[in-house]
>>> print(open('query32.txt').read())   # compact mmCIF, C-alpha atoms
# COMPACT_ATOMS: atom_id res chain seq x y z
CA MET I 140 -35.76 2.45 10.49
CA ASN I 141 -36.11 3.37 6.82
CA ILE I 142 -32.86 4.55 5.23
CA LEU I 143 -32.45 6.31 1.88
CA LEU I 144 -28.92 5.82 0.54
CA THR I 145 -27.78 7.86 -2.45
CA GLY I 146 -24.74 7.02 -4.56
CA CYS I 147 -24.99 3.30 -3.87
CA GLN I 148 -22.76 2.45 -6.84
CA GLY I 149 -19.82 4.54 -5.65
CA GLN I 150 -16.92 3.30 -3.52
CA VAL I 151 -18.38 4.35 -0.17
CA GLY I 152 -22.00 3.87 -1.25
CA TRP I 153 -21.39 0.28 -2.33
CA GLU I 154 -19.99 -0.54 1.12
CA LEU I 155 -22.78 1.38 2.87
CA ALA I 156 -25.43 -0.63 1.05
CA ARG I 157 -24.14 -3.63 2.99
CA THR I 158 -23.18 -2.18 6.38
CA LEU I 159 -26.52 -0.36 6.79
CA LEU I 160 -28.64 -3.48 6.20
CA PRO I 161 -28.74 -4.59 9.87
CA LEU I 162 -30.14 -1.19 10.87
CA GLY I 163 -33.40 -1.32 8.91
CA GLU I 164 -34.91 -1.14 5.45
CA VAL I 165 -32.35 0.34 3.06
CA PHE I 166 -33.47 1.95 -0.19
CA ALA I 167 -30.16 1.99 -2.08
CA ALA I 168 -30.81 4.51 -4.82
CA ASN I 169 -28.73 4.63 -7.97
CA ARG I 170 -28.49 7.71 -10.14
CA SER I 171 -31.71 6.94 -12.04
CA GLN I 172 -33.62 6.75 -8.74
CA ALA I 173 -32.05 9.73 -6.96
CA ASP I 174 -30.15 11.97 -9.37
CA LEU I 175 -28.42 14.80 -7.52
CA SER I 176 -28.33 16.85 -10.72
CA ASP I 177 -32.17 16.78 -10.83
CA LEU I 178 -33.23 18.77 -7.77
CA ASP I 179 -36.97 18.42 -8.33
CA GLY I 180 -36.61 14.69 -8.86
CA LEU I 181 -34.48 14.48 -5.72
CA ARG I 182 -37.21 16.19 -3.71
CA ARG I 183 -39.81 13.79 -5.08
CA ALA I 184 -37.64 10.78 -4.19
CA VAL I 185 -37.39 11.87 -0.56
CA GLN I 186 -41.10 12.73 -0.38
CA THR I 187 -42.02 9.33 -1.83
CA ILE I 188 -39.73 7.21 0.33
CA LYS I 189 -40.18 9.26 3.53
CA PRO I 190 -37.00 7.89 5.15
CA ASP I 191 -36.04 8.18 8.79
CA VAL I 192 -32.43 8.66 7.70
CA ILE I 193 -30.84 9.97 4.49
CA VAL I 194 -27.24 8.89 3.86
CA ASN I 195 -25.80 10.92 1.00
CA ALA I 196 -22.83 9.09 -0.50
CA ALA I 197 -23.27 10.63 -3.96
CA ALA I 198 -20.98 13.43 -5.10
CA TYR I 199 -19.23 15.09 -8.02
CA THR I 200 -15.68 13.79 -7.51
CA ALA I 201 -13.87 14.71 -10.75
CA VAL I 202 -11.52 17.18 -9.03
CA ASP I 203 -9.70 18.44 -12.12
CA LYS I 204 -12.76 18.48 -14.37
CA ALA I 205 -14.57 20.62 -11.80
CA GLU I 206 -12.24 23.52 -12.62
CA THR I 207 -14.03 23.94 -15.96
CA ASP I 208 -17.35 22.35 -15.00
CA GLN I 209 -18.20 24.51 -12.01
CA GLU I 210 -21.94 24.48 -12.62
CA SER I 211 -22.20 20.70 -12.34
CA ALA I 212 -19.87 20.54 -9.35
CA PHE I 213 -21.90 23.09 -7.39
CA LEU I 214 -25.22 21.58 -8.46
CA ILE I 215 -24.30 18.11 -7.19
CA ASN I 216 -22.01 18.98 -4.28
CA ALA I 217 -23.73 22.10 -2.94
CA GLN I 218 -27.31 22.57 -4.11
CA ALA I 219 -28.34 18.91 -3.92
CA PRO I 220 -27.16 18.40 -0.31
CA GLY I 221 -29.06 21.57 0.56
CA VAL I 222 -32.22 20.10 -0.98
CA LEU I 223 -31.72 16.82 0.91
CA ALA I 224 -31.33 18.79 4.13
CA GLU I 225 -34.48 20.81 3.47
CA GLU I 226 -36.50 17.70 2.77
CA ALA I 227 -35.00 15.93 5.80
CA ALA I 228 -36.09 18.83 8.00
CA LYS I 229 -39.66 18.60 6.68
CA ILE I 230 -40.04 14.94 7.62
CA GLY I 231 -37.84 14.91 10.72
CA ALA I 232 -35.17 12.71 9.15
CA LEU I 233 -31.47 12.61 10.02
CA LEU I 234 -29.06 13.50 7.19
CA ILE I 235 -25.57 11.97 7.05
CA HIS I 236 -23.36 13.60 4.44
CA TYR I 237 -19.73 13.08 3.40
CA SER I 238 -17.25 15.89 2.85
CA THR I 239 -13.52 16.24 2.29
CA ASP I 240 -10.14 17.52 3.45
CA TYR I 241 -10.21 19.73 0.35
CA VAL I 242 -12.22 22.31 2.30
CA PHE I 243 -8.82 23.26 3.81
CA ASP I 244 -5.84 24.83 2.06
CA GLY I 245 -3.25 22.49 3.59
CA SER I 246 -1.10 25.26 5.07
CA LYS I 247 -1.48 24.15 8.70
CA ALA I 248 1.53 22.44 10.29
CA GLY I 249 -0.48 19.74 12.09
CA ALA I 250 -3.73 17.85 11.66
CA TYR I 251 -6.87 19.87 10.99
CA SER I 252 -9.64 19.85 13.58
CA GLU I 253 -13.29 20.26 12.66
CA ASP I 254 -13.25 23.89 13.85
CA ASP I 255 -10.23 25.08 11.86
CA GLN I 256 -10.70 27.82 9.29
CA THR I 257 -11.68 26.51 5.86
CA ASN I 258 -10.08 27.86 2.69
CA PRO I 259 -10.47 25.60 -0.38
CA LEU I 260 -7.84 25.80 -3.10
CA ASN I 261 -9.96 24.41 -5.93
CA VAL I 262 -13.51 24.35 -7.29
CA TYR I 263 -14.18 20.86 -5.97
CA GLY I 264 -13.27 21.98 -2.44
CA LEU I 265 -15.34 25.13 -2.81
CA SER I 266 -18.37 23.11 -3.94
CA LYS I 267 -18.03 20.65 -1.04
CA LEU I 268 -17.72 23.50 1.46
CA ALA I 269 -20.82 25.12 -0.04
CA GLY I 270 -22.64 21.81 0.49
CA GLU I 271 -21.60 21.77 4.14
CA GLN I 272 -22.85 25.32 4.56
CA ALA I 273 -26.18 24.59 2.88
CA ILE I 274 -26.77 21.68 5.25
CA GLN I 275 -25.78 23.76 8.28
CA ALA I 276 -28.17 26.51 7.21
CA SER I 277 -31.10 24.07 7.13
CA LYS I 278 -33.19 23.07 10.12
CA ALA I 279 -32.37 19.39 9.67
CA ASP I 280 -30.59 17.12 12.11
CA TYR I 281 -27.31 16.36 10.34
CA LEU I 282 -23.88 14.81 10.63
CA ILE I 283 -21.18 15.83 8.15
CA LEU I 284 -18.29 13.35 7.99
CA ARG I 285 -15.08 14.66 6.42
CA THR I 286 -12.71 12.06 5.04
CA THR I 287 -9.52 11.82 2.97
CA TRP I 288 -7.81 9.80 0.23
CA VAL I 289 -10.60 7.25 -0.15
CA TYR I 290 -9.85 3.91 -1.80
CA ALA I 291 -11.60 0.55 -2.13
CA ALA I 292 -11.24 -2.93 -3.59
CA ARG I 293 -13.48 -1.90 -6.46
CA GLY I 294 -13.88 1.16 -8.66
CA HIS I 295 -11.25 3.65 -9.80
CA ASN I 296 -8.84 4.74 -7.09
CA PHE I 297 -5.16 5.10 -6.19
CA VAL I 298 -4.73 1.51 -4.96
CA LYS I 299 -6.16 0.00 -8.14
CA SER I 300 -4.10 2.39 -10.30
CA ILE I 301 -0.83 1.54 -8.53
CA LEU I 302 -1.48 -2.21 -8.81
CA ARG I 303 -2.07 -1.80 -12.54
CA LEU I 304 1.04 0.35 -13.07
CA ALA I 305 3.21 -1.92 -10.92
CA ALA I 306 2.39 -4.81 -13.23
CA GLU I 307 3.39 -2.75 -16.28
CA ARG I 308 6.35 -0.54 -15.35
CA GLU I 309 9.76 -1.05 -13.75
CA GLU I 310 9.88 2.52 -12.42
CA LEU I 311 7.21 4.80 -10.96
CA ASN I 312 7.35 8.49 -10.06
CA ILE I 313 4.97 9.31 -7.19
CA VAL I 314 4.27 12.62 -5.46
CA ALA I 315 5.93 12.77 -2.04
CA ASP I 316 5.11 16.28 -0.76
CA GLN I 317 1.38 15.81 -0.09
CA ILE I 318 0.58 14.24 3.30
CA GLY I 319 -2.66 12.57 4.41
CA ALA I 320 -4.32 9.42 5.70
CA PRO I 321 -5.46 6.87 3.10
CA THR I 322 -8.94 5.74 4.17
CA TRP I 323 -10.66 2.50 3.17
CA ALA I 324 -14.24 2.90 1.98
CA ARG I 325 -15.31 -0.05 4.13
CA LEU I 326 -13.94 1.65 7.25
CA ILE I 327 -16.02 4.72 6.41
CA ALA I 328 -19.13 2.58 5.88
CA GLU I 329 -18.73 0.47 9.02
CA SER I 330 -17.98 3.53 11.13
CA SER I 331 -21.00 5.30 9.61
CA ALA I 332 -23.30 2.45 10.63
CA HIS I 333 -22.02 2.67 14.21
CA ILE I 334 -22.39 6.45 14.22
CA LEU I 335 -25.90 6.26 12.77
CA ARG I 336 -27.04 3.79 15.40
CA GLN I 337 -25.79 6.01 18.24
CA ALA I 338 -27.09 9.21 16.64
CA GLN I 339 -30.61 7.80 16.35
CA GLN I 340 -30.49 6.75 20.00
CA GLU I 341 -29.40 10.27 20.95
CA ARG I 342 -32.24 11.74 18.89
CA ARG I 343 -34.76 9.56 20.72
CA GLN I 344 -33.30 10.66 24.05
CA GLY I 345 -33.23 14.33 23.09
CA THR I 346 -29.44 14.59 23.45
CA PHE I 347 -28.46 14.75 19.78
CA ASN I 348 -26.43 17.66 18.42
CA SER I 349 -25.77 18.16 14.73
CA GLY I 350 -22.15 18.65 13.77
CA ILE I 351 -19.08 17.94 11.67
CA TYR I 352 -16.71 15.06 12.40
CA ASN I 353 -13.47 13.94 10.77
CA LEU I 354 -13.54 10.27 9.76
CA THR I 355 -10.25 8.87 8.44
CA SER I 356 -7.75 6.17 9.21
CA THR I 357 -5.13 7.15 11.77
CA GLY I 358 -1.50 7.86 11.01
CA GLU I 359 -0.16 9.65 7.98
CA THR I 360 1.87 9.13 4.82
CA SER I 361 2.58 10.67 1.43
CA TRP I 362 1.26 9.38 -1.88
CA HIS I 363 4.78 8.00 -2.36
CA GLY I 364 4.65 6.16 0.97
CA PHE I 365 1.17 4.92 0.14
CA ALA I 366 2.39 3.53 -3.19
CA GLU I 367 5.38 1.84 -1.53
CA MET I 368 3.11 0.06 0.95
CA ILE I 369 0.67 -1.04 -1.79
CA ILE I 370 3.47 -2.61 -3.81
CA GLU I 371 5.09 -4.20 -0.75
CA LEU I 372 1.80 -5.85 0.22
CA ALA I 373 1.18 -6.95 -3.36
CA LYS I 374 4.60 -8.65 -3.45
CA GLN I 375 3.75 -10.48 -0.23
CA GLN I 376 0.58 -11.82 -1.82
CA SER I 377 2.54 -13.29 -4.77
CA ALA I 378 -0.72 -13.22 -6.70
CA LEU I 379 0.23 -10.39 -9.05
CA PRO I 380 3.34 -10.01 -11.21
CA ILE I 381 5.14 -6.89 -9.99
CA LYS I 382 7.59 -5.32 -12.44
CA THR I 383 8.26 -2.15 -10.45
CA GLN I 384 11.76 -2.02 -8.97
CA ARG I 385 12.01 1.70 -8.19
CA ILE I 386 9.47 4.14 -6.78
CA ASN I 387 10.90 7.64 -7.08
CA PRO I 388 9.63 10.46 -4.83
CA VAL I 389 8.79 13.57 -6.85
CA PRO I 390 7.32 16.99 -5.98
CA THR I 391 3.76 18.01 -6.82
CA THR I 392 5.19 20.36 -9.46
CA ALA I 393 6.32 17.32 -11.47
CA TYR I 394 2.66 16.62 -12.27
CA PRO I 395 0.92 19.95 -12.92
CA LEU I 396 -2.85 19.49 -12.77
CA PRO I 397 -5.76 21.91 -13.30
CA ALA I 398 -6.81 21.73 -9.62
CA ILE I 399 -4.40 22.65 -6.83
CA ARG I 400 -4.19 20.03 -4.07
CA PRO I 401 -3.54 20.82 -0.39
CA ALA I 402 -0.07 19.78 0.78
CA ASN I 403 -1.43 18.78 4.20
CA SER I 404 -4.60 16.67 4.24
CA ARG I 405 -4.26 15.38 7.80
CA LEU I 406 -7.50 15.45 9.80
CA SER I 407 -7.71 14.92 13.56
CA THR I 408 -10.23 12.20 14.44
CA GLN I 409 -10.11 12.80 18.20
CA ARG I 410 -13.59 14.31 18.40
CA LEU I 411 -15.25 11.43 16.55
CA GLN I 412 -13.37 8.69 18.40
CA GLN I 413 -14.27 10.20 21.77
CA HIS I 414 -17.92 10.99 21.09
CA TYR I 415 -18.78 7.75 19.31
CA GLN I 416 -16.39 5.55 21.29
CA LEU I 417 -14.69 4.34 18.13
CA THR I 418 -11.13 3.13 17.73
CA LEU I 419 -10.09 3.88 14.17
CA PRO I 420 -7.30 1.69 12.72
CA SER I 421 -4.06 2.91 11.21
CA TRP I 422 -3.99 3.41 7.46
CA LYS I 423 -1.52 0.52 7.16
CA THR I 424 -3.83 -1.91 8.96
CA ALA I 425 -6.83 -0.91 6.85
CA LEU I 426 -4.80 -1.14 3.64
CA GLN I 427 -3.69 -4.66 4.54
CA LEU I 428 -7.33 -5.71 4.98
CA CYS I 429 -8.35 -4.12 1.69
CA MET I 430 -5.47 -5.81 -0.15
CA ASP I 431 -6.45 -9.15 1.37
CA ASP I 432 -9.95 -8.50 0.03
CA ILE I 433 -8.65 -7.62 -3.44
CA PHE I 434 -6.48 -10.71 -3.79
CA SER I 435 -8.93 -13.13 -2.14
CA SER I 436 -11.46 -12.24 -4.82
CA LYS I 437 -9.07 -12.98 -7.68
CA PRO I 438 -9.45 -16.39 -9.38
>>> encode(input="query32.txt", output="structure tokens")
Amino acid sequence: MNILLTGCQGQVGWELARTLLPLGEVFAANRSQADLSDLDGLRRAVQTIKPDVIVNAAAYTAVDKAETDQESAFLINAQAPGVLAEEAAKIGALLIHYSTDYVFDGSKAGAYSEDDQTNPLNVYGLSKLAGEQAIQASKADYLILRTTWVYAARGHNFVKSILRLAAEREELNIVADQIGAPTWARLIAESSAHILRQAQQERRQGTFNSGIYNLTSTGETSWHGFAEMIIELAKQQSALPIKTQRINPVPTTAYPLPAIRPANSRLSTQRLQQHYQLTLPSWKTALQLCMDDIFSSKP
């Protein structure tokens, strides 16, 4: 199996570059090799590599910047996935693409299923939804995996930011009225490898159906609860000086940002767990493993 991976230097892409290795030859393309803002170059990359599978982990993720940079957001998050899908259809390749809870408006009382009505609140969400729709409109075999609140042991993310702030400040104010499931990039990557293996088997057997699946950790928390757990685990490690003594819950309105965030980012993973026979861990379990990884790598 030949696999083209885009966005290999991102949080999820970096993990995918490792978890996909047992499945075949992985061409882990950085931005210079597969630039999603260069549609013609992207087509040429697919035509040259001729992969059996395309895993698109590249995206425009600057949520607030997207409000004033709509052209770039839609180019990378909507047009480029459409091009990948078109090229995948031409060569009979499977496309795996990652999307987001931001395709929903967060007004639902419970967890969102894959079939719930979409209604993005911001440009980023609109661009990601447009990418989903472009893929669905193609004739390619595809799997779209929606995830939430992604973090990792490397890169810029909420976990790394809280660890830095906790070492500097005695008091933190963290938003408490947005609810979701923090999801470790490695969990996404390892689950994707399992899903890919089964999907290719289904394609060979003629039983494959394209579709959208939610892929997150289980359970739920607020950003405030997430921060509390990060700091609690960091204190247990005793490897980092923690100055923070108080973590105050505050409303979203305390931190006005250009892009509106959904209050409810919970996604039901029942469909994915049943179809792919996966047991997804709780967000607390995954966070513990990621924190162990962070502190085990420190000198």
>>> residues_around(input="query32.txt", residues="Leu417 in chain I", least_positions_apart="5", cutoff="8 Å", atoms="only C-alpha atoms", output="list in words")
Ser330, Leu411 and Gln412 of chain I
>>> closest_residue(input="query32.txt", among="I:Thr145, I:Thr322, I:Gln272, I:Gln150", to="Phe166 in chain I", atoms="only C-alpha atoms")
I:Thr145
>>> residues_around(input="query32.txt", residues="Tyr237 in chain I", least_positions_apart="6", cutoff="6 Å", atoms="all atoms listed in the file", output="mmCIF file with C-alpha atoms, in the coordinates of the input")
data_model
loop_
_atom_site.group_PDB
_atom_site.id
_atom_site.type_symbol
_atom_site.label_atom_id
_atom_site.label_comp_id
_atom_site.auth_asym_id
_atom_site.auth_seq_id
_atom_site.Cartn_x
_atom_site.Cartn_y
_atom_site.Cartn_z
ATOM 1 C CA ILE I 283 -21.180 15.830 8.150
ATOM 2 C CA LEU I 284 -18.290 13.350 7.990
ATOM 3 C CA ARG I 285 -15.080 14.660 6.420
#
>>> axis_aligned_box(input="query32.txt", around="range 367-381 of chain I", padding_each_side="6 Å", output="JSON")
{"center_x": 2.3, "center_y": -5.7, "center_z": -5.1, "size_x": 18.1, "size_y": 27.1, "size_z": 24.2}
>>> closest_atom_pairs(input="query32.txt", of="range 292-410 of chain I", to="range 250-258 of chain I", cutoff="8 Å", atoms="all atoms listed in the file", output="Markdown table")
| residue | atom | partner | partner_atom | distance |
| --- | --- | --- | --- | --- |
| I:Ile351 | CA | I:Glu253 | CA | 6.3 |
| I:Tyr352 | CA | I:Glu253 | CA | 6.2 |
| I:Asn353 | CA | I:Glu253 | CA | 6.6 |
| I:Asn403 | CA | I:Ala250 | CA | 7.9 |
| I:Ser404 | CA | I:Ala250 | CA | 7.6 |
| I:Arg405 | CA | I:Ala250 | CA | 4.6 |
| I:Leu406 | CA | I:Tyr251 | CA | 4.6 |
| I:Ser407 | CA | I:Ser252 | CA | 5.3 |
| I:Thr408 | CA | I:Ser252 | CA | 7.7 |
>>> write_last_selection(input="query32.txt", atoms="C-alpha atoms", output="PDB file, keeping the file's coordinate frame")
ATOM      1  CA  ILE I 351     -19.080  17.940  11.670  1.00  0.00           C
ATOM      2  CA  TYR I 352     -16.710  15.060  12.400  1.00  0.00           C
ATOM      3  CA  ASN I 353     -13.470  13.940  10.770  1.00  0.00           C
ATOM      4  CA  ASN I 403      -1.430  18.780   4.200  1.00  0.00           C
ATOM      5  CA  SER I 404      -4.600  16.670   4.240  1.00  0.00           C
ATOM      6  CA  ARG I 405      -4.260  15.380   7.800  1.00  0.00           C
ATOM      7  CA  LEU I 406      -7.500  15.450   9.800  1.00  0.00           C
ATOM      8  CA  SER I 407      -7.710  14.920  13.560  1.00  0.00           C
ATOM      9  CA  THR I 408     -10.230  12.200  14.440  1.00  0.00           C
TER      10      THR I 408
END
>>> residues_near_point(input="query32.txt", point="(-7.8, 7.3, -7.4)", cutoff="12 Å", atoms="only C-alpha atoms", output="PyMOL selection string")
chain I and resi 150+200-202+287-303+321-323+362+365-366
>>> write_last_selection(input="query32.txt", atoms="C-alpha atoms", output="short mmCIF file (atom, residue, chain, number, x, y, z; two decimals), keeping the file's coordinate frame")
data_model
loop_
_atom_site.label_atom_id
_atom_site.label_comp_id
_atom_site.auth_asym_id
_atom_site.auth_seq_id
_atom_site.Cartn_x
_atom_site.Cartn_y
_atom_site.Cartn_z
CA GLN I 150 -16.92 3.30 -3.52
CA THR I 200 -15.68 13.79 -7.51
CA ALA I 201 -13.87 14.71 -10.75
CA VAL I 202 -11.52 17.18 -9.03
CA THR I 287 -9.52 11.82 2.97
CA TRP I 288 -7.81 9.80 0.23
CA VAL I 289 -10.60 7.25 -0.15
CA TYR I 290 -9.85 3.91 -1.80
CA ALA I 291 -11.60 0.55 -2.13
CA ALA I 292 -11.24 -2.93 -3.59
CA ARG I 293 -13.48 -1.90 -6.46
CA GLY I 294 -13.88 1.16 -8.66
CA HIS I 295 -11.25 3.65 -9.80
CA ASN I 296 -8.84 4.74 -7.09
CA PHE I 297 -5.16 5.10 -6.19
CA VAL I 298 -4.73 1.51 -4.96
CA LYS I 299 -6.16 0.00 -8.14
CA SER I 300 -4.10 2.39 -10.30
CA ILE I 301 -0.83 1.54 -8.53
CA LEU I 302 -1.48 -2.21 -8.81
CA ARG I 303 -2.07 -1.80 -12.54
CA PRO I 321 -5.46 6.87 3.10
CA THR I 322 -8.94 5.74 4.17
CA TRP I 323 -10.66 2.50 3.17
CA TRP I 362 1.26 9.38 -1.88
CA PHE I 365 1.17 4.92 0.14
CA ALA I 366 2.39 3.53 -3.19
#
>>> residues_around(input="query32.txt", residues="Ala306 in chain I", least_positions_apart="3", cutoff="6 Å", atoms="only C-alpha atoms", output="list in words")
Arg303, Pro380, Ile381 and Lys382 of chain I
>>> closest_residue(input="query32.txt", among="I:Gly358, I:Pro401, I:Gly146, I:Pro190", to="Lys229 in chain I", atoms="all atoms listed in the file")
I:Pro190
>>> residues_around(input="query32.txt", residues="Leu143 in chain I", least_positions_apart="4", cutoff="9 Å", atoms="all atoms listed in the file", output="list of chain:residue names")
I:Glu164, I:Val165, I:Phe166, I:Ala167, I:Ala168, I:Val185, I:Ile188, I:Lys189, I:Pro190, I:Asp191, I:Val192, I:Ile193, I:Val194, I:Asn195
>>> closest_residue(input="query32.txt", among="I:Leu155, I:Ala217, I:Val314, I:Val222", to="Ala393 in chain I", atoms="only C-alpha atoms")
I:Val314
>>> decode(input="query32.txt", residues="range 150-200 of chain I", atoms="C-alpha atoms", output="PDB file, in the first residue's frame")
ATOM      1  CA  GLN I 150       0.179  17.665  15.490  1.00  0.00           C
ATOM      2  CA  VAL I 151      -1.889  14.874  13.947  1.00  0.00           C
ATOM      3  CA  GLY I 152       0.305  14.533  10.849  1.00  0.00           C
ATOM      4  CA  TRP I 153       3.452  14.017  12.930  1.00  0.00           C
ATOM      5  CA  GLU I 154       1.787  11.128  14.774  1.00  0.00           C
ATOM      6  CA  LEU I 155       0.336   9.700  11.543  1.00  0.00           C
ATOM      7  CA  ALA I 156       3.776   9.589   9.955  1.00  0.00           C
ATOM      8  CA  ARG I 157       4.635   6.969  12.578  1.00  0.00           C
ATOM      9  CA  THR I 158       1.393   5.026  13.009  1.00  0.00           C
ATOM     10  CA  LEU I 159       0.918   4.529   9.249  1.00  0.00           C
ATOM     11  CA  LEU I 160       4.392   3.028   8.705  1.00  0.00           C
ATOM     12  CA  PRO I 161       3.346  -0.604   9.362  1.00  0.00           C
ATOM     13  CA  LEU I 162       0.667  -0.336   6.664  1.00  0.00           C
ATOM     14  CA  GLY I 163       2.934   0.334   3.679  1.00  0.00           C
ATOM     15  CA  GLU I 164       5.146   2.910   2.018  1.00  0.00           C
ATOM     16  CA  VAL I 165       4.361   6.327   3.477  1.00  0.00           C
ATOM     17  CA  PHE I 166       5.213   9.480   1.542  1.00  0.00           C
ATOM     18  CA  ALA I 167       5.036  12.047   4.350  1.00  0.00           C
ATOM     19  CA  ALA I 168       4.743  15.309   2.466  1.00  0.00           C
ATOM     20  CA  ASN I 169       5.592  18.631   4.058  1.00  0.00           C
ATOM     21  CA  ARG I 170       4.264  21.915   2.742  1.00  0.00           C
ATOM     22  CA  SER I 171       6.981  22.248   0.089  1.00  0.00           C
ATOM     23  CA  GLN I 172       6.050  18.830  -1.312  1.00  0.00           C
ATOM     24  CA  ALA I 173       2.258  19.100  -1.110  1.00  0.00           C
ATOM     25  CA  ASP I 174       1.127  22.693  -0.581  1.00  0.00           C
ATOM     26  CA  LEU I 175      -2.647  22.882  -0.172  1.00  0.00           C
ATOM     27  CA  SER I 176      -2.579  26.536  -1.224  1.00  0.00           C
ATOM     28  CA  ASP I 177      -1.138  25.494  -4.624  1.00  0.00           C
ATOM     29  CA  LEU I 178      -3.925  23.491  -6.248  1.00  0.00           C
ATOM     30  CA  ASP I 179      -2.057  22.727  -9.467  1.00  0.00           C
ATOM     31  CA  GLY I 180       0.996  21.617  -7.526  1.00  0.00           C
ATOM     32  CA  LEU I 181      -1.233  19.474  -5.315  1.00  0.00           C
ATOM     33  CA  ARG I 182      -2.674  17.749  -8.378  1.00  0.00           C
ATOM     34  CA  ARG I 183       0.812  17.088  -9.720  1.00  0.00           C
ATOM     35  CA  ALA I 184       1.924  15.616  -6.388  1.00  0.00           C
ATOM     36  CA  VAL I 185      -0.928  13.099  -6.401  1.00  0.00           C
ATOM     37  CA  GLN I 186      -0.394  12.265 -10.079  1.00  0.00           C
ATOM     38  CA  THR I 187       3.321  11.708  -9.492  1.00  0.00           C
ATOM     39  CA  ILE I 188       3.038   9.591  -6.352  1.00  0.00           C
ATOM     40  CA  LYS I 189      -0.084   7.667  -7.452  1.00  0.00           C
ATOM     41  CA  PRO I 190      -0.979   6.602  -3.895  1.00  0.00           C
ATOM     42  CA  ASP I 191      -3.455   3.921  -2.921  1.00  0.00           C
ATOM     43  CA  VAL I 192      -4.504   6.096   0.013  1.00  0.00           C
ATOM     44  CA  ILE I 193      -4.383   9.849   0.635  1.00  0.00           C
ATOM     45  CA  VAL I 194      -4.469  10.937   4.286  1.00  0.00           C
ATOM     46  CA  ASN I 195      -5.029  14.680   4.473  1.00  0.00           C
ATOM     47  CA  ALA I 196      -3.854  15.991   7.836  1.00  0.00           C
ATOM     48  CA  ALA I 197      -3.071  19.480   6.524  1.00  0.00           C
ATOM     49  CA  ALA I 198      -5.435  22.356   7.247  1.00  0.00           C
ATOM     50  CA  TYR I 199      -5.792  26.071   7.871  1.00  0.00           C
ATOM     51  CA  THR I 200      -6.286  26.082  11.657  1.00  0.00           C
TER      52      THR I 200
END
